[in-house]
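S.K.: Please find one structure pasted underneath; my questions will follow.
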Amino acid sequence: MMLIFRRRWYFFVAVTLLSLGGYYWFVFKPGQNAGKPAYTVRRQNLQETLSVSGQIDSEEKAALKFQTTGYLSWLGVKEGDPVKKYQTIASLDQESVKKNLQKDLNDYLSNRWDFEQGKDNYSGQAVTPAIQRILDKNQFSLNNTVLDVEIQNLAVQYSNLWSPIDGIVTHLDAPNAGVNVTATTEFDVVNPRKIYFSASVDQDDVVKLTASQSGEIILDAYPDKTIPSDITAISFTPKAGETGTVYEVKMSLPVDNSDYSYRLGMTGDANFIIRKAPNVIAVPTKYIQSNDDGSKYVWIIKNGKKTRQNIETGDTFDTDTEIKSGLAVGTQVTN
């Protein structure tokens with residue numbers, strides 16, 4: 001009984017070893033078909049793309065501030081209100097400023113009369129150095145009063161805050177009148193019809209882009225809408241506050257924004273086609289290997305056998321490489 005068991009065991013081991021050996025010979029024997037081909041060579045349209053992130057900004061923005069501290073006596077807008085260019089939006093109390101202007105005007109008149117009187121007093125006399133000094137002093141005093149009047153007149157003008165652009169009010173540090181404000185109190189106005197897409201591009205990628213190059217923008221707020229766009233400007237200096245060397249690329253936003261659907265700060269991606277190779281023979285780069293001299297080859301299936309084939313390659317696009325010569329459409333390539 002034991003002898004029969006041992007014979008059966010030896011037979012089982014022998015059959016197993018023969019099966020494994022046959023499989024190994026079939027799969028790994030040089031020149032033998034390794035099985036189902038991994039890839040069939042075909043023509044493709046290859047292209048390299050570049051995708052960069054960014055957000056909506058506006059070419060026309062104004063952060064308005066009074067030049068002096070004062071009492072905010074009037075505020076004519078609230079956040080979200082539209083404003084016209086040169087429209088007054090806020091005013092400081094002008095009573096003290098106007099009184100100072102009136103005082104300076106009186107001083108000017110007084111000095112003017114003194115100046116004219118001095119000229120009359122010395123009219124017809126020989127102008128000695130002493131007389132000339134008196135006349136010059138009167139002239140200097142008159143000049144100073146003129147400057148005082150001009151300064152106070154500017155103070156009256158500067159007590160009014162007006163918008164230099166058409167737009168909408170987006171922020172008010174002081175949303176109500178009747179409070180004291182400082183020279184840092186800010187009133188922001190943005191023109192929503194002058195929006196553009198501001199992309200941040202790393203230094204390694206910005207050299208691939210050119211002014212007026214076309215692309216497309218997809219905003220996160222509107223993922224199903226593709227906006228054709230062109231580059232309008234590429235900054236010469238890097239953006240401040242970035243961890244790496246990053247440049248701003250401005251892109252047009254040819255959209256109707258009359259209803260303010262596109263707002264400042266909306267994020268998205270800009271996509272570019274950097275280069276193309278249409279209708280070329282190509283294979284996945286992973287199948288291409290190098291000879292000792294740097295030339296390239298692939299393994300192909302020829303007459304049912306795995307055969308080495310030298311090739312000439314072109315440009316590489318992502319995961320595919322163009323084949324200049326050595327392969328025909330329909331050839332089966334394997335590892």
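Ordering of the structure tokens sets the chain letters (A, B, ...); residue numbers start at 1 within each chain; ligands are numbered from 1 in the order shown.
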If we count only C-alpha atoms, what is near range 47-51 of chain A at a cut-off of 8 Å, once residues fewer than 4 positions away on the same chain are taken out, given as a list in words?
M.R.: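 Selected residues are Asp205, Asp269, Ala270, Asn271, Phe272, Ile273, Ile274, Arg275, Lys276, Ala277, Pro278, Phe317 and Asp318 of chain A.
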S.K.: Rounded to one decimal in Å, what is the spacing between CA of Asp315 in chain A and CA of Arg43 in chain A?
M.R.: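 The value is 14.4 Å.
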S.K.: Return the single residue from A:Ser53, A:Gln139, A:Thr40, A:Thr334 that is closest to Val201 in chain A, with distances computed using only C-alpha atoms.
M.R.: A:Ser53
S.K.: I'd like the neighbourhood of Val255 in chain A as an NGL selection string, where a residue qualifies if any of its atoms comes within 9 Å (using only C-alpha atoms), though same-chain residues fewer than 3 positions away should be ignored.
M.R.: :A and (193 or 227 or 262)
S.K.: Could those residues be written to a file, using N, CA and C atoms, as a PDB file, in the first residue's frame?
M.R.:
```pdb
ATOM      1  N   ARG A 193     -17.210  95.266 -15.858  1.00  0.00           N
ATOM      2  CA  ARG A 193     -17.156  95.055 -17.311  1.00  0.00           C
ATOM      3  C   ARG A 193     -15.716  95.021 -17.838  1.00  0.00           C
ATOM      4  N   ILE A 227     -14.994  78.746 -21.985  1.00  0.00           N
ATOM      5  CA  ILE A 227     -14.887  80.109 -22.494  1.00  0.00           C
ATOM      6  C   ILE A 227     -13.615  80.240 -23.337  1.00  0.00           C
ATOM      7  N   TYR A 262     -20.266  86.951 -13.363  1.00  0.00           N
ATOM      8  CA  TYR A 262     -18.850  86.646 -13.165  1.00  0.00           C
ATOM      9  C   TYR A 262     -18.278  87.649 -12.174  1.00  0.00           C
TER      10      TYR A 262
END
```
S.K.: Would you mind telling me which residue in A:Tyr247, A:Phe187, A:Phe197, A:Phe115 lies nearest to Gly215 in chain A when using only C-alpha atoms?
M.R.: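 Using only C-alpha atoms, Gly215 in chain A sits closest to A:Phe197.
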S.K.: Need to verify the contact set: Val179 in chain A, 8 Å, only C-alpha atoms, exclusion of same-chain residues closer than 5 positions in sequence. Can you return it as a list in words?
M.R.: Tyr71, Leu72, Ser73 and Ala174 of chain A
S.K.: Name all residues at most 7 Å from range 286-288 of chain A (count only C-alpha atoms; drop same-chain ones fewer than 3 positions away) and give them as a list in words.
M.R.: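 Everything that qualifies: Lys296, Tyr297, Val298, Thr334 and Asn335 of chain A.
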S.K.: Could those selected residues go to a file with all heavy atoms, as an mmCIF file, in the first residue's frame?
M.R.:
```cif
data_model
loop_
_atom_site.group_PDB
_atom_site.id
_atom_site.type_symbol
_atom_site.label_atom_id
_atom_site.label_comp_id
_atom_site.auth_asym_id
_atom_site.auth_seq_id
_atom_site.Cartn_x
_atom_site.Cartn_y
_atom_site.Cartn_z
ATOM 1 N N LYS A 296 16.932 53.353 -30.622
ATOM 2 C CA LYS A 296 15.730 52.819 -29.993
ATOM 3 C C LYS A 296 15.243 51.567 -30.703
ATOM 4 O O LYS A 296 15.482 51.368 -31.892
ATOM 5 C CB LYS A 296 14.625 53.880 -30.008
ATOM 6 C CG LYS A 296 15.021 55.219 -29.404
ATOM 7 C CD LYS A 296 15.299 55.122 -27.915
ATOM 8 C CE LYS A 296 15.629 56.493 -27.339
ATOM 9 N NZ LYS A 296 15.941 56.429 -25.897
ATOM 10 N N TYR A 297 14.536 50.717 -29.946
ATOM 11 C CA TYR A 297 13.923 49.537 -30.525
ATOM 12 C C TYR A 297 12.690 49.150 -29.720
ATOM 13 O O TYR A 297 12.490 49.601 -28.589
ATOM 14 C CB TYR A 297 14.914 48.366 -30.573
ATOM 15 C CG TYR A 297 15.250 47.781 -29.218
ATOM 16 C CD1 TYR A 297 14.519 46.707 -28.685
ATOM 17 C CD2 TYR A 297 16.302 48.287 -28.462
ATOM 18 C CE1 TYR A 297 14.833 46.168 -27.454
ATOM 19 C CE2 TYR A 297 16.617 47.756 -27.226
ATOM 20 C CZ TYR A 297 15.887 46.694 -26.719
ATOM 21 O OH TYR A 297 16.183 46.165 -25.491
ATOM 22 N N VAL A 298 11.861 48.293 -30.332
ATOM 23 C CA VAL A 298 10.705 47.717 -29.658
ATOM 24 C C VAL A 298 10.649 46.237 -29.992
ATOM 25 O O VAL A 298 11.281 45.764 -30.954
ATOM 26 C CB VAL A 298 9.379 48.400 -30.088
ATOM 27 C CG1 VAL A 298 9.333 49.842 -29.647
ATOM 28 C CG2 VAL A 298 9.176 48.282 -31.593
ATOM 29 N N THR A 334 4.809 44.411 -28.285
ATOM 30 C CA THR A 334 4.676 43.777 -26.968
ATOM 31 C C THR A 334 5.880 44.144 -26.104
ATOM 32 O O THR A 334 6.829 44.792 -26.562
ATOM 33 C CB THR A 334 4.594 42.247 -27.107
ATOM 34 O OG1 THR A 334 4.276 41.682 -25.826
ATOM 35 C CG2 THR A 334 5.891 41.656 -27.620
ATOM 36 N N ASN A 335 5.836 43.723 -24.852
ATOM 37 C CA ASN A 335 6.934 43.986 -23.922
ATOM 38 C C ASN A 335 8.001 42.900 -24.058
ATOM 39 O O ASN A 335 7.717 41.783 -24.456
ATOM 40 C CB ASN A 335 6.430 44.016 -22.497
ATOM 41 C CG ASN A 335 5.644 45.302 -22.213
ATOM 42 O OD1 ASN A 335 6.005 46.357 -22.697
ATOM 43 N ND2 ASN A 335 4.579 45.203 -21.453
#
```
